[in-house]
>>> print(open('target05.txt').read())   # compact mmCIF, N, CA and C atoms
# COMPACT_ATOMS: atom_id res chain seq x y z
N MET U 1 128.10 112.97 88.98
CA MET U 1 126.90 112.70 89.75
C MET U 1 126.83 113.67 90.93
N LYS U 2 125.69 114.31 91.10
CA LYS U 2 125.49 115.24 92.20
C LYS U 2 124.78 114.51 93.33
N ARG U 3 125.44 114.49 94.52
CA ARG U 3 124.93 113.76 95.67
C ARG U 3 124.31 114.72 96.69
N ILE U 4 123.12 114.35 97.15
CA ILE U 4 122.35 115.15 98.10
C ILE U 4 122.22 114.35 99.39
N LEU U 5 122.28 115.04 100.53
CA LEU U 5 122.16 114.40 101.84
C LEU U 5 121.17 115.18 102.69
N THR U 6 120.29 114.47 103.36
CA THR U 6 119.40 115.09 104.34
C THR U 6 119.38 114.25 105.60
N TYR U 7 118.98 114.87 106.69
CA TYR U 7 118.95 114.23 108.01
C TYR U 7 117.55 114.31 108.58
N GLY U 8 117.18 113.31 109.38
CA GLY U 8 115.90 113.38 110.06
C GLY U 8 115.49 112.09 110.73
N THR U 9 114.38 112.17 111.46
CA THR U 9 113.81 111.02 112.13
C THR U 9 112.81 110.31 111.23
N PHE U 10 112.08 111.06 110.43
CA PHE U 10 111.11 110.52 109.47
C PHE U 10 110.17 109.51 110.14
N ASP U 11 109.61 109.92 111.26
CA ASP U 11 108.64 109.10 111.98
C ASP U 11 107.25 109.36 111.40
N LEU U 12 106.40 108.38 111.39
CA LEU U 12 105.05 108.51 110.82
C LEU U 12 105.11 109.17 109.45
N LEU U 13 105.81 108.53 108.55
CA LEU U 13 106.06 109.05 107.20
C LEU U 13 104.79 109.64 106.61
N HIS U 14 104.85 110.91 106.20
CA HIS U 14 103.67 111.62 105.71
C HIS U 14 104.01 112.46 104.48
N TYR U 15 102.99 113.13 103.95
CA TYR U 15 103.14 113.90 102.73
C TYR U 15 104.26 114.94 102.83
N GLY U 16 104.41 115.60 103.94
CA GLY U 16 105.49 116.58 104.10
C GLY U 16 106.86 115.95 103.93
N HIS U 17 107.04 114.74 104.48
CA HIS U 17 108.30 114.02 104.31
C HIS U 17 108.53 113.68 102.84
N ILE U 18 107.51 113.13 102.20
CA ILE U 18 107.63 112.75 100.79
C ILE U 18 107.96 113.96 99.94
N ARG U 19 107.30 115.06 100.20
CA ARG U 19 107.56 116.30 99.44
C ARG U 19 108.99 116.78 99.65
N LEU U 20 109.50 116.72 100.88
CA LEU U 20 110.89 117.10 101.15
C LEU U 20 111.85 116.20 100.39
N LEU U 21 111.61 114.88 100.43
CA LEU U 21 112.48 113.94 99.74
C LEU U 21 112.44 114.16 98.23
N GLN U 22 111.27 114.43 97.69
CA GLN U 22 111.11 114.67 96.26
C GLN U 22 111.88 115.93 95.84
N ARG U 23 111.74 117.01 96.61
CA ARG U 23 112.43 118.26 96.28
C ARG U 23 113.93 118.13 96.47
N ALA U 24 114.35 117.38 97.49
CA ALA U 24 115.79 117.16 97.71
C ALA U 24 116.38 116.38 96.53
N LYS U 25 115.71 115.32 96.12
CA LYS U 25 116.20 114.50 95.01
C LYS U 25 116.28 115.32 93.72
N ALA U 26 115.35 116.25 93.54
CA ALA U 26 115.34 117.09 92.33
C ALA U 26 116.58 117.98 92.23
N LEU U 27 117.29 118.16 93.34
CA LEU U 27 118.50 118.99 93.34
C LEU U 27 119.73 118.22 92.86
N GLY U 28 119.60 116.93 92.65
CA GLY U 28 120.76 116.14 92.24
C GLY U 28 120.37 114.82 91.65
N ASP U 29 121.33 113.88 91.71
CA ASP U 29 121.15 112.56 91.09
C ASP U 29 121.00 111.43 92.09
N TYR U 30 121.49 111.62 93.31
CA TYR U 30 121.57 110.54 94.29
C TYR U 30 121.23 111.11 95.66
N LEU U 31 120.18 110.57 96.29
CA LEU U 31 119.73 111.10 97.58
C LEU U 31 120.06 110.12 98.71
N ILE U 32 120.80 110.63 99.68
CA ILE U 32 121.16 109.89 100.88
C ILE U 32 120.36 110.47 102.04
N VAL U 33 119.74 109.60 102.81
CA VAL U 33 119.02 110.03 104.01
C VAL U 33 119.74 109.49 105.22
N ALA U 34 120.21 110.39 106.09
CA ALA U 34 120.80 110.00 107.37
C ALA U 34 119.65 109.96 108.37
N LEU U 35 119.28 108.77 108.76
CA LEU U 35 118.12 108.53 109.61
C LEU U 35 118.53 108.42 111.07
N SER U 36 117.95 109.26 111.91
CA SER U 36 118.28 109.24 113.34
C SER U 36 117.97 107.88 113.95
N THR U 37 118.97 107.33 114.64
CA THR U 37 118.76 106.06 115.34
C THR U 37 117.90 106.31 116.57
N ASP U 38 117.37 105.23 117.13
CA ASP U 38 116.57 105.34 118.35
C ASP U 38 117.41 105.91 119.49
N GLU U 39 118.67 105.49 119.57
CA GLU U 39 119.57 105.97 120.63
C GLU U 39 119.85 107.46 120.48
N PHE U 40 120.05 107.92 119.24
CA PHE U 40 120.30 109.35 119.02
C PHE U 40 119.05 110.16 119.32
N ASN U 41 117.88 109.64 118.92
CA ASN U 41 116.63 110.34 119.25
C ASN U 41 116.48 110.51 120.75
N GLU U 42 116.89 109.50 121.50
CA GLU U 42 116.81 109.58 122.95
C GLU U 42 117.69 110.72 123.48
N ILE U 43 118.88 110.85 122.91
CA ILE U 43 119.79 111.95 123.30
C ILE U 43 119.15 113.30 122.99
N LYS U 44 118.43 113.36 121.85
CA LYS U 44 117.76 114.60 121.44
C LYS U 44 116.45 114.84 122.20
N GLY U 45 116.06 113.89 123.03
CA GLY U 45 114.81 114.03 123.78
C GLY U 45 113.58 113.72 122.95
N LYS U 46 113.75 112.94 121.87
CA LYS U 46 112.64 112.57 121.00
C LYS U 46 112.36 111.08 121.14
N LYS U 47 111.11 110.70 120.94
CA LYS U 47 110.77 109.29 120.95
C LYS U 47 109.92 109.03 119.71
N ALA U 48 110.44 108.24 118.81
CA ALA U 48 109.73 107.93 117.57
C ALA U 48 108.66 106.88 117.83
N TYR U 49 107.59 106.93 117.06
CA TYR U 49 106.54 105.92 117.14
C TYR U 49 107.07 104.59 116.62
N HIS U 50 107.75 104.64 115.46
CA HIS U 50 108.33 103.44 114.86
C HIS U 50 109.81 103.35 115.20
N ASN U 51 110.32 102.14 115.35
CA ASN U 51 111.74 101.98 115.65
C ASN U 51 112.58 102.25 114.39
N TYR U 52 113.89 102.31 114.58
CA TYR U 52 114.81 102.65 113.50
C TYR U 52 114.65 101.73 112.29
N GLU U 53 114.64 100.43 112.52
CA GLU U 53 114.57 99.48 111.40
C GLU U 53 113.30 99.65 110.59
N THR U 54 112.18 99.91 111.25
CA THR U 54 110.92 100.13 110.55
C THR U 54 110.97 101.42 109.74
N ARG U 55 111.48 102.49 110.35
CA ARG U 55 111.59 103.77 109.64
C ARG U 55 112.53 103.64 108.45
N LYS U 56 113.60 102.88 108.61
CA LYS U 56 114.56 102.66 107.52
C LYS U 56 113.89 101.93 106.36
N LYS U 57 113.14 100.88 106.66
CA LYS U 57 112.44 100.13 105.60
C LYS U 57 111.45 101.03 104.86
N MET U 58 110.74 101.88 105.60
CA MET U 58 109.78 102.78 104.95
C MET U 58 110.51 103.74 104.00
N LEU U 59 111.61 104.31 104.45
CA LEU U 59 112.37 105.23 103.60
C LEU U 59 112.95 104.54 102.38
N GLU U 60 113.43 103.34 102.57
CA GLU U 60 114.00 102.59 101.44
C GLU U 60 112.96 102.27 100.38
N ALA U 61 111.69 102.28 100.76
CA ALA U 61 110.60 102.02 99.81
C ALA U 61 110.21 103.26 99.01
N VAL U 62 110.70 104.42 99.41
CA VAL U 62 110.38 105.67 98.72
C VAL U 62 111.29 105.80 97.50
N ARG U 63 110.72 106.02 96.34
CA ARG U 63 111.49 106.01 95.10
C ARG U 63 112.54 107.11 95.00
N TYR U 64 112.41 108.16 95.75
CA TYR U 64 113.39 109.25 95.68
C TYR U 64 114.67 108.94 96.45
N VAL U 65 114.60 107.99 97.38
CA VAL U 65 115.71 107.69 98.29
C VAL U 65 116.60 106.60 97.69
N ASP U 66 117.90 106.91 97.59
CA ASP U 66 118.85 105.94 97.06
C ASP U 66 119.60 105.17 98.14
N LEU U 67 119.82 105.80 99.29
CA LEU U 67 120.58 105.16 100.37
C LEU U 67 120.14 105.73 101.70
N VAL U 68 119.98 104.85 102.70
CA VAL U 68 119.68 105.27 104.07
C VAL U 68 120.85 104.86 104.94
N ILE U 69 121.39 105.84 105.69
CA ILE U 69 122.50 105.58 106.61
C ILE U 69 122.06 106.00 108.01
N PRO U 70 122.68 105.46 109.06
CA PRO U 70 122.29 105.86 110.41
C PRO U 70 122.88 107.22 110.80
N GLU U 71 122.05 108.04 111.44
CA GLU U 71 122.54 109.26 112.09
C GLU U 71 122.63 108.93 113.58
N GLU U 72 123.87 108.89 114.07
CA GLU U 72 124.10 108.43 115.44
C GLU U 72 124.52 109.55 116.40
N ASN U 73 124.93 110.70 115.86
CA ASN U 73 125.34 111.81 116.71
C ASN U 73 125.40 113.10 115.90
N TRP U 74 125.45 114.24 116.60
CA TRP U 74 125.50 115.54 115.93
C TRP U 74 126.81 115.74 115.17
N GLU U 75 127.88 115.14 115.66
CA GLU U 75 129.22 115.41 115.14
C GLU U 75 129.57 114.68 113.84
N GLN U 76 128.75 113.79 113.37
CA GLN U 76 129.12 112.95 112.23
C GLN U 76 128.96 113.63 110.87
N LYS U 77 128.38 114.80 110.81
CA LYS U 77 127.99 115.40 109.53
C LYS U 77 129.17 115.67 108.59
N ILE U 78 130.26 116.22 109.08
CA ILE U 78 131.41 116.49 108.21
C ILE U 78 131.93 115.17 107.63
N ASN U 79 132.02 114.15 108.47
CA ASN U 79 132.47 112.84 108.00
C ASN U 79 131.52 112.28 106.95
N ASP U 80 130.20 112.44 107.15
CA ASP U 80 129.22 111.96 106.17
C ASP U 80 129.42 112.65 104.82
N VAL U 81 129.60 113.97 104.86
CA VAL U 81 129.79 114.74 103.63
C VAL U 81 131.02 114.24 102.88
N LYS U 82 132.10 114.02 103.61
CA LYS U 82 133.34 113.55 102.99
C LYS U 82 133.23 112.11 102.51
N GLU U 83 132.74 111.23 103.37
CA GLU U 83 132.68 109.80 103.04
C GLU U 83 131.78 109.49 101.86
N TYR U 84 130.66 110.22 101.77
CA TYR U 84 129.69 109.94 100.70
C TYR U 84 129.79 110.93 99.54
N HIS U 85 130.83 111.77 99.55
CA HIS U 85 131.10 112.74 98.48
C HIS U 85 129.87 113.60 98.18
N VAL U 86 129.33 114.18 99.25
CA VAL U 86 128.09 114.95 99.18
C VAL U 86 128.36 116.35 98.62
N ASP U 87 127.49 116.76 97.71
CA ASP U 87 127.57 118.09 97.12
C ASP U 87 126.64 119.08 97.81
N VAL U 88 125.48 118.59 98.27
CA VAL U 88 124.47 119.47 98.87
C VAL U 88 123.83 118.77 100.07
N VAL U 89 123.77 119.49 101.20
CA VAL U 89 122.99 119.04 102.34
C VAL U 89 121.69 119.83 102.31
N VAL U 90 120.58 119.11 102.42
CA VAL U 90 119.25 119.73 102.37
C VAL U 90 118.55 119.49 103.70
N MET U 91 117.96 120.56 104.23
CA MET U 91 117.20 120.45 105.47
C MET U 91 115.96 121.33 105.37
N GLY U 92 115.03 121.09 106.27
CA GLY U 92 113.84 121.93 106.35
C GLY U 92 114.20 123.33 106.80
N SER U 93 113.40 124.29 106.41
CA SER U 93 113.70 125.71 106.69
C SER U 93 113.72 126.03 108.18
N ASP U 94 113.13 125.17 109.01
CA ASP U 94 113.18 125.42 110.45
C ASP U 94 114.60 125.31 111.00
N TRP U 95 115.52 124.72 110.23
CA TRP U 95 116.92 124.62 110.65
C TRP U 95 117.78 125.78 110.14
N ALA U 96 117.22 126.65 109.30
CA ALA U 96 118.00 127.76 108.75
C ALA U 96 118.57 128.63 109.87
N GLY U 97 119.83 128.98 109.75
CA GLY U 97 120.48 129.81 110.75
C GLY U 97 120.95 129.05 111.97
N SER U 98 120.72 127.75 112.00
CA SER U 98 121.11 126.93 113.14
C SER U 98 122.59 126.57 113.04
N ASP U 99 123.24 126.51 114.19
CA ASP U 99 124.64 126.09 114.21
C ASP U 99 124.78 124.59 113.95
N ARG U 100 123.68 123.87 113.83
CA ARG U 100 123.71 122.43 113.55
C ARG U 100 124.04 122.12 112.10
N PHE U 101 123.82 123.09 111.17
CA PHE U 101 124.04 122.80 109.75
C PHE U 101 124.83 123.88 109.01
N ASP U 102 124.74 125.13 109.42
CA ASP U 102 125.40 126.21 108.68
C ASP U 102 126.90 126.02 108.51
N TYR U 103 127.56 125.40 109.48
CA TYR U 103 129.02 125.20 109.39
C TYR U 103 129.41 124.28 108.23
N LEU U 104 128.44 123.50 107.74
CA LEU U 104 128.72 122.59 106.62
C LEU U 104 128.97 123.34 105.32
N LYS U 105 128.65 124.63 105.28
CA LYS U 105 128.88 125.44 104.07
C LYS U 105 130.36 125.49 103.71
N ASP U 106 131.24 125.18 104.65
CA ASP U 106 132.67 125.10 104.36
C ASP U 106 133.03 123.83 103.59
N TYR U 107 132.09 122.86 103.53
CA TYR U 107 132.36 121.56 102.92
C TYR U 107 131.48 121.25 101.71
N CYS U 108 130.30 121.88 101.66
CA CYS U 108 129.36 121.63 100.57
C CYS U 108 128.31 122.75 100.59
N GLU U 109 127.43 122.71 99.62
CA GLU U 109 126.31 123.66 99.61
C GLU U 109 125.28 123.20 100.64
N VAL U 110 124.63 124.14 101.29
CA VAL U 110 123.56 123.83 102.24
C VAL U 110 122.30 124.55 101.77
N VAL U 111 121.23 123.78 101.60
CA VAL U 111 119.96 124.32 101.10
C VAL U 111 118.88 124.04 102.13
N TYR U 112 118.09 125.08 102.44
CA TYR U 112 116.96 124.93 103.35
C TYR U 112 115.68 125.03 102.54
N LEU U 113 114.84 124.00 102.63
CA LEU U 113 113.58 123.97 101.90
C LEU U 113 112.42 124.28 102.83
N ASP U 114 111.45 125.05 102.34
CA ASP U 114 110.27 125.36 103.14
C ASP U 114 109.54 124.09 103.53
N ARG U 115 109.03 124.08 104.74
CA ARG U 115 108.25 122.94 105.22
C ARG U 115 106.89 122.95 104.54
N THR U 116 106.25 121.80 104.50
CA THR U 116 104.92 121.69 103.93
C THR U 116 103.91 122.21 104.94
N GLU U 117 103.15 123.19 104.53
CA GLU U 117 102.19 123.85 105.42
C GLU U 117 101.11 122.86 105.88
N GLY U 118 100.82 122.89 107.17
CA GLY U 118 99.68 122.15 107.71
C GLY U 118 99.90 120.70 108.07
N VAL U 119 101.14 120.19 107.89
CA VAL U 119 101.39 118.80 108.25
C VAL U 119 102.72 118.67 108.97
N SER U 120 102.71 117.89 110.04
CA SER U 120 103.95 117.57 110.76
C SER U 120 103.70 116.31 111.58
N THR U 121 104.76 115.61 111.91
CA THR U 121 104.63 114.42 112.72
C THR U 121 104.04 114.78 114.09
N THR U 122 104.48 115.88 114.66
CA THR U 122 103.97 116.32 115.96
C THR U 122 102.46 116.54 115.90
N LYS U 123 101.98 117.18 114.84
CA LYS U 123 100.54 117.43 114.69
C LYS U 123 99.78 116.13 114.53
N ILE U 124 100.32 115.20 113.72
CA ILE U 124 99.65 113.92 113.52
C ILE U 124 99.54 113.16 114.84
N LYS U 125 100.63 113.12 115.60
CA LYS U 125 100.61 112.43 116.89
C LYS U 125 99.58 113.06 117.83
N LYS U 126 99.53 114.37 117.84
CA LYS U 126 98.58 115.08 118.69
C LYS U 126 97.14 114.79 118.25
N ASP U 127 96.89 114.88 116.95
CA ASP U 127 95.54 114.63 116.42
C ASP U 127 95.06 113.22 116.71
N LEU U 128 95.97 112.24 116.66
CA LEU U 128 95.61 110.85 116.91
C LEU U 128 95.62 110.48 118.40
N GLY U 129 96.14 111.39 119.22
CA GLY U 129 96.21 111.10 120.64
C GLY U 129 97.22 110.02 120.97
N LEU U 130 98.27 109.93 120.15
CA LEU U 130 99.29 108.89 120.36
C LEU U 130 100.23 109.30 121.47
N GLN U 131 100.43 108.40 122.40
CA GLN U 131 101.30 108.68 123.53
C GLN U 131 102.56 107.85 123.50
N GLU U 132 102.41 106.54 123.54
CA GLU U 132 103.55 105.64 123.62
C GLU U 132 103.91 105.11 122.24
N PRO U 133 105.20 105.02 121.92
CA PRO U 133 105.60 104.51 120.61
C PRO U 133 105.36 103.01 120.49
N LYS U 134 105.04 102.59 119.28
CA LYS U 134 104.92 101.17 118.94
C LYS U 134 106.09 100.85 118.03
N ASN U 135 106.66 99.65 118.16
CA ASN U 135 107.85 99.31 117.40
C ASN U 135 107.64 98.21 116.37
N ASP U 136 106.42 97.74 116.19
CA ASP U 136 106.15 96.66 115.26
C ASP U 136 105.52 97.24 114.01
N ILE U 137 106.15 97.05 112.86
CA ILE U 137 105.65 97.61 111.60
C ILE U 137 104.26 97.07 111.26
N ASN U 138 103.88 95.91 111.82
CA ASN U 138 102.60 95.31 111.51
C ASN U 138 101.47 95.77 112.42
N GLN U 139 101.79 96.53 113.47
CA GLN U 139 100.75 97.00 114.37
C GLN U 139 100.04 98.20 113.79
N ILE U 140 98.75 98.26 114.01
CA ILE U 140 97.95 99.41 113.61
C ILE U 140 97.78 100.27 114.84
N PRO U 141 98.13 101.57 114.74
CA PRO U 141 98.02 102.43 115.93
C PRO U 141 96.57 102.58 116.37
N THR U 142 96.36 102.51 117.67
CA THR U 142 95.04 102.72 118.22
C THR U 142 95.07 104.02 119.01
N PRO U 143 94.25 105.01 118.61
CA PRO U 143 94.24 106.28 119.33
C PRO U 143 93.77 106.07 120.77
N SER U 144 94.38 106.79 121.69
CA SER U 144 93.93 106.73 123.07
C SER U 144 92.69 107.59 123.22
N LYS U 145 91.86 107.28 124.21
CA LYS U 145 90.60 108.03 124.38
C LYS U 145 90.70 109.01 125.50
>>> encode(input="target05.txt", output="structure tokens")
Amino acid sequence: MKRILTYGTFDLLHYGHIRLLQRAKALGDYLIVALSTDEFNEIKGKKAYHNYETRKKMLEAVRYVDLVIPEENWEQKINDVKEYHVDVVVMGSDWAGSDRFDYLKDYCEVVYLDRTEGVSTTKIKKDLGLQEPKNDINQIPTPSK
């Protein structure tokens, strides 16, 4: 069995995310998503619209995803690769050449996939005028005026 691992926040799940997950899964048999926790996002200076549990539930509903694990810090990647017997780490091409992932080539294959043109969480948030994150999966976002 070939195991694939990817990392991310996966906030405001959109077509670009689904396409990345689909292409990652196509590289193997079992896809693991390491999902950034709210605390780790804070360290990275990011604030997700949806909280960790909501984002996790959304990812678990995607048919390409076999397992969601928490991403709690930058240093956990080697341990993740070893613990989950990962063959390939997949990331978006914006991470290519970054010291955040290239060192993993000593432990597994690292593949960078092109991002989906024209869509990103940042763009969606900007287009909707979203400022403050909401943490309830049942809330409908209301654009600010």
>>> closest_residue(input="target05.txt", among="U:Gly45, U:Gly28, U:Gly129, U:Gly92", to="Gly8 (chain U)", atoms="only C-alpha atoms")
U:Gly92
>>> closest_residue(input="target05.txt", among="U:Ser98, U:Gln22, U:Asn79, U:Ser93", to="Glu117 (chain U)", atoms="only C-alpha atoms")
U:Ser93
>>> closest_residue(input="target05.txt", among="U:Ala48, U:Val111, U:Ile32, U:Met1", to="Leu67 (chain U)", atoms="only N, CA and C atoms")
U:Ile32
>>> closest_residue(input="target05.txt", among="U:Tyr103, U:Trp95, U:Tyr64, U:Trp74", to="Ile18 (chain U)", atoms="only C-alpha atoms")
U:Tyr64
>>> atom_distance(input="target05.txt", atom1="CA of Arg3 (chain U)", atom2="atom N of Lys46 (chain U)")
28.5 Å
>>> atom_distance(input="target05.txt", atom1="atom N of Thr6 (chain U)", atom2="atom C of Met91 (chain U)")
8.4 Å
>>> select_by_dssp(input="target05.txt", residues="region 34-127 of chain U", states="helix (DSSP H, G or I)", output="number ranges by chain")
U: 38-43, 52-60, 74-83, 93-95, 102-106, 121-127
>>> atom_distance(input="target05.txt", atom1="CA of Arg63 (chain U)", atom2="CA of His85 (chain U)")
21.0 Å
>>> closest_residue(input="target05.txt", among="U:Lys126, U:Asp102, U:Phe10, U:Leu113", to="Ala24 (chain U)", atoms="all atoms listed in the file")
U:Leu113
